[in-house]
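Data block below; observations after.
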Amino acid sequence: MINPMYLTIVEDIKQKISSGQLKPSDAVPSENALCKEYGASRMTVRKGLAILANDGYIYSIPGKGSFVRKPELNKYTIYYDEMNNSINTVDQSRLLEVNIIMPDEKLAGELQTTINKNVIVIRRLFYTEGKPVAYDIKYLLYSKGMPIVEKELEQATFPEMVSGSMSAFSLKKELAIYAQMPDKEVKQYLNIYDELALLVVEQRIYNEEKKPIGFCMTYFRGDYIKLKGSSD
């Protein structure tokens, strides 16, 4: 199957960048030059250049042309699913609490709301083969008439909990990952009797207006989670 011409342009320029023929800050051939080289229309060439820019290979300067972008060597993409990671899968969860609360000042600040606004709190335990491996607590801004179905909340991930009220494509998510020693409460939930560190994953979810709609902390036993990232 023959590729469309704009994809041929994309793959050829990617190959030149990857091989070092085109180096960071080098100018990419002009639209006119590419039109002549490939016998393509200006619209086809622009479509190819737009894909290269969107993929992070090039950038454009109005009136000057397109240039090879310097690679972001310290940027990684981490895949995170609170129910699955590279060394463990959660096979059961137990709902500890679903409640509507008034937030304290710290939580109100996280959700950019006031202390007199209702917030839903959801606390769960995650298990693998009968052993508790993570303690999970989530806070969602409450709106009147918002359905709270305990059976659905028991197994849902954080994005799934909020995507029912809006398009998942409009959600913006942030992660913060750090190590922490467990307090007495978490030790009891996770059956920790020695000095085992936790891996804590904080999630923040924002709507399309970039306003927070949820905040979550999941405390994983350090021996049951491993996260991986790649620079692809």
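FYI, nothing fancy with the structure tokens labels: chains A, B, ... in order, residues from 1 per chain, ligands from 1 as they appear.
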
Residues of segment 55-119 of chain A at most 10 Å from segment 13-20 of chain A: nearest atom pair and distance in Å, only C-alpha atoms, as a Markdown table:
```
| residue | atom | partner | partner_atom | distance |
| --- | --- | --- | --- | --- |
| A:Asp55 | CA | A:Lys14 | CA | 10.0 |
| A:Tyr57 | CA | A:Lys14 | CA | 7.3 |
| A:Ile58 | CA | A:Ile17 | CA | 9.5 |
| A:Val68 | CA | A:Ile17 | CA | 7.6 |
| A:Arg69 | CA | A:Ile17 | CA | 9.5 |
```

Would you list the contacts of segment 89-105 of chain A as a PyMOL selection string, taking every protein, DNA or RNA residue within 6 Å and counting only C-alpha atoms, but skipping same-chain residues closer than 3 positions in sequence? chain A and resi 83-84+108+115+118-128+154

What would the file look like if the residues just selected were written as a CSV table (one decimal), in the first residue's frame with N, CA and C atoms?
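See part.csv below for the written result:
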```csv
chain,number,residue,atom,x,y,z
A,83,MET,N,-4.7,0.6,39.0
A,83,MET,CA,-5.0,-0.8,39.2
A,83,MET,C,-4.0,-1.7,38.6
A,84,ASN,N,-3.1,-1.2,37.8
A,84,ASN,CA,-2.0,-2.1,37.2
A,84,ASN,C,-0.7,-1.3,37.1
A,108,ALA,N,-9.4,22.6,50.6
A,108,ALA,CA,-10.1,23.6,49.9
A,108,ALA,C,-9.1,24.3,48.9
A,115,ILE,N,-14.3,26.6,52.1
A,115,ILE,CA,-14.5,25.6,53.2
A,115,ILE,C,-16.0,25.3,53.4
A,118,ASN,N,-19.4,21.6,49.5
A,118,ASN,CA,-19.4,20.2,49.7
A,118,ASN,C,-18.3,19.5,48.8
A,119,VAL,N,-17.7,18.5,49.4
A,119,VAL,CA,-16.7,17.7,48.7
A,119,VAL,C,-17.0,16.2,49.0
A,120,ILE,N,-17.0,15.4,47.9
A,120,ILE,CA,-17.1,13.9,48.1
A,120,ILE,C,-15.8,13.3,48.5
A,121,VAL,N,-15.7,12.5,49.5
A,121,VAL,CA,-14.5,11.8,49.9
A,121,VAL,C,-14.8,10.3,49.6
A,122,ILE,N,-13.8,9.6,49.0
A,122,ILE,CA,-13.9,8.2,48.7
A,122,ILE,C,-12.7,7.5,49.2
A,123,ARG,N,-12.8,6.6,50.1
A,123,ARG,CA,-11.6,5.8,50.6
A,123,ARG,C,-11.7,4.4,50.2
A,124,ARG,N,-10.6,3.8,49.7
A,124,ARG,CA,-10.6,2.4,49.3
A,124,ARG,C,-9.3,1.7,49.7
A,125,LEU,N,-9.4,0.4,49.7
A,125,LEU,CA,-8.2,-0.5,49.8
A,125,LEU,C,-8.1,-1.3,48.6
A,126,PHE,N,-6.9,-1.4,48.0
A,126,PHE,CA,-6.6,-2.3,46.9
A,126,PHE,C,-5.9,-3.6,47.4
A,127,TYR,N,-6.3,-4.7,46.8
A,127,TYR,CA,-5.7,-6.0,47.2
A,127,TYR,C,-5.1,-6.7,46.0
A,128,THR,N,-4.1,-7.5,46.2
A,128,THR,CA,-3.6,-8.5,45.3
A,128,THR,C,-3.4,-9.8,46.0
A,154,GLU,N,-16.3,1.4,43.5
A,154,GLU,CA,-15.4,0.5,44.1
A,154,GLU,C,-14.3,0.1,43.2
```

Using only C-alpha atoms, which protein or nucleic acid residues come within 12 Å of Arg42 of chain A? Drop anything in the same chain fewer than 3 positions from it, and give the result as a ChimeraX atom specification. /A:5-6,30-39,45-49

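The neighbours of Tyr206 of chain A here are the residues that come within 9 Å of it, using only C-alpha atoms and leaving out any residue fewer than 5 positions away in the same chain; they are Ser170, Leu171, Lys172, Lys173, Glu174, Lys211, Pro212, Ile213 and Gly214 of chain A.
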
Limited to all heavy atoms, could you put the picked residues into a file as a CSV table (one decimal), in the first residue's frame?
```csv
chain,number,residue,atom,x,y,z
A,170,SER,N,-11.6,16.2,27.4
A,170,SER,CA,-11.5,17.6,28.0
A,170,SER,C,-10.7,17.6,29.3
A,170,SER,O,-10.4,18.7,29.8
A,170,SER,CB,-12.9,18.2,28.1
A,170,SER,OG,-13.6,17.6,29.2
A,171,LEU,N,-10.4,16.4,29.9
A,171,LEU,CA,-9.8,16.4,31.1
A,171,LEU,C,-8.3,16.6,31.0
A,171,LEU,O,-7.6,16.1,30.1
A,171,LEU,CB,-10.0,15.0,31.8
A,171,LEU,CG,-11.5,14.6,32.1
A,171,LEU,CD1,-11.5,13.2,32.7
A,171,LEU,CD2,-12.1,15.6,33.1
A,172,LYS,N,-7.7,17.3,31.9
A,172,LYS,CA,-6.3,17.5,32.1
A,172,LYS,C,-5.9,16.9,33.4
A,172,LYS,O,-6.5,17.1,34.4
A,172,LYS,CB,-5.9,19.0,32.0
A,172,LYS,CG,-4.4,19.2,32.1
A,172,LYS,CD,-4.0,20.6,32.2
A,172,LYS,CE,-2.5,20.8,32.4
A,172,LYS,NZ,-2.0,22.2,32.7
A,173,LYS,N,-4.8,16.0,33.3
A,173,LYS,CA,-4.4,15.3,34.5
A,173,LYS,C,-2.9,15.6,34.8
A,173,LYS,O,-2.1,15.8,34.0
A,173,LYS,CB,-4.5,13.8,34.3
A,173,LYS,CG,-6.0,13.4,34.1
A,173,LYS,CD,-6.1,12.0,33.5
A,173,LYS,CE,-5.8,12.0,32.0
A,173,LYS,NZ,-6.0,10.7,31.3
A,174,GLU,N,-2.6,15.6,36.1
A,174,GLU,CA,-1.3,15.9,36.6
A,174,GLU,C,-0.9,14.8,37.7
A,174,GLU,O,-1.8,14.4,38.4
A,174,GLU,CB,-1.1,17.3,37.2
A,174,GLU,CG,-1.2,18.4,36.2
A,174,GLU,CD,-0.9,19.7,36.9
A,174,GLU,OE1,-0.9,19.8,38.2
A,174,GLU,OE2,-0.8,20.8,36.2
A,211,LYS,N,-9.7,24.3,35.7
A,211,LYS,CA,-10.1,24.4,37.2
A,211,LYS,C,-10.1,23.0,37.8
A,211,LYS,O,-10.7,22.0,37.2
A,211,LYS,CB,-11.5,25.0,37.3
A,211,LYS,CG,-11.5,26.5,36.9
A,211,LYS,CD,-12.8,27.1,37.1
A,211,LYS,CE,-12.8,28.6,36.7
A,211,LYS,NZ,-14.1,29.3,36.9
A,212,PRO,N,-9.6,22.8,39.0
A,212,PRO,CA,-9.5,21.4,39.6
A,212,PRO,C,-10.9,20.9,39.9
A,212,PRO,O,-11.8,21.6,40.4
A,212,PRO,CB,-8.7,21.6,40.8
A,212,PRO,CG,-8.8,23.1,41.1
A,212,PRO,CD,-8.9,23.8,39.8
A,213,ILE,N,-11.1,19.6,39.6
A,213,ILE,CA,-12.4,19.0,39.9
A,213,ILE,C,-12.2,17.8,40.8
A,213,ILE,O,-13.1,17.2,41.3
A,213,ILE,CB,-13.2,18.6,38.7
A,213,ILE,CG1,-12.3,17.6,37.8
A,213,ILE,CG2,-13.7,19.8,37.9
A,213,ILE,CD1,-13.1,17.1,36.6
A,214,GLY,N,-10.9,17.4,41.0
A,214,GLY,CA,-10.6,16.2,41.8
A,214,GLY,C,-9.2,16.2,42.3
A,214,GLY,O,-8.3,16.6,41.6
```

Please, which residues of segment 1-231 of chain A, numbered as in this document, come out strand (DSSP E or B) from DSSP, as a PyMOL selection string? chain A and resi 27+58-61+65-68+77-78+81+84-85+88-89+92-101+119-128+131-141+172-180+198-206+212-221+229-230

Atomic distance atom CA of Leu111 of chain A - atom CA of Glu82 of chain A, expressed in Å with one decimal: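 Value for the atom CA of Leu111 of chain A-atom CA of Glu82 of chain A distance: 20.8 Å.
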
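Note that DSSP on the backbone gives helix (DSSP H, G or I) to these residues of segment 56-217 of chain A: Glu105, Lys106, Leu107, Ala108, Gly109, Glu110, Glu150, Lys151, Glu152, Leu153, Glu154, Gln155, Phe158, Pro159, Glu160, Met161, Val162, Ser163, Ala168, Phe169, Ser170, Lys184, Glu185, Val186, Lys187, Gln188, Tyr189 and Leu190 of chain A.
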
Nearest to Ala176 of chain A among A:Thr114, A:Asn74, A:Thr218, A:Asn207, with distances taken over only C-alpha atoms: which residue is it?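 That would be A:Thr218, the residue with the smallest distance to Ala176 of chain A.
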
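Between atom CA of Lys226 of chain A and atom CA of Tyr193 of chain A lies a distance of 21.2 Å.
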
Atom pair atom CA of Asn85 of chain A + atom CA of Ala134 of chain A, distance 12.3 Å

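Shortest atom-to-atom contact with Cys216 of chain A among A:Tyr135, A:Phe169, A:Tyr59, A:Tyr76: A:Tyr135, counting only C-alpha atoms.
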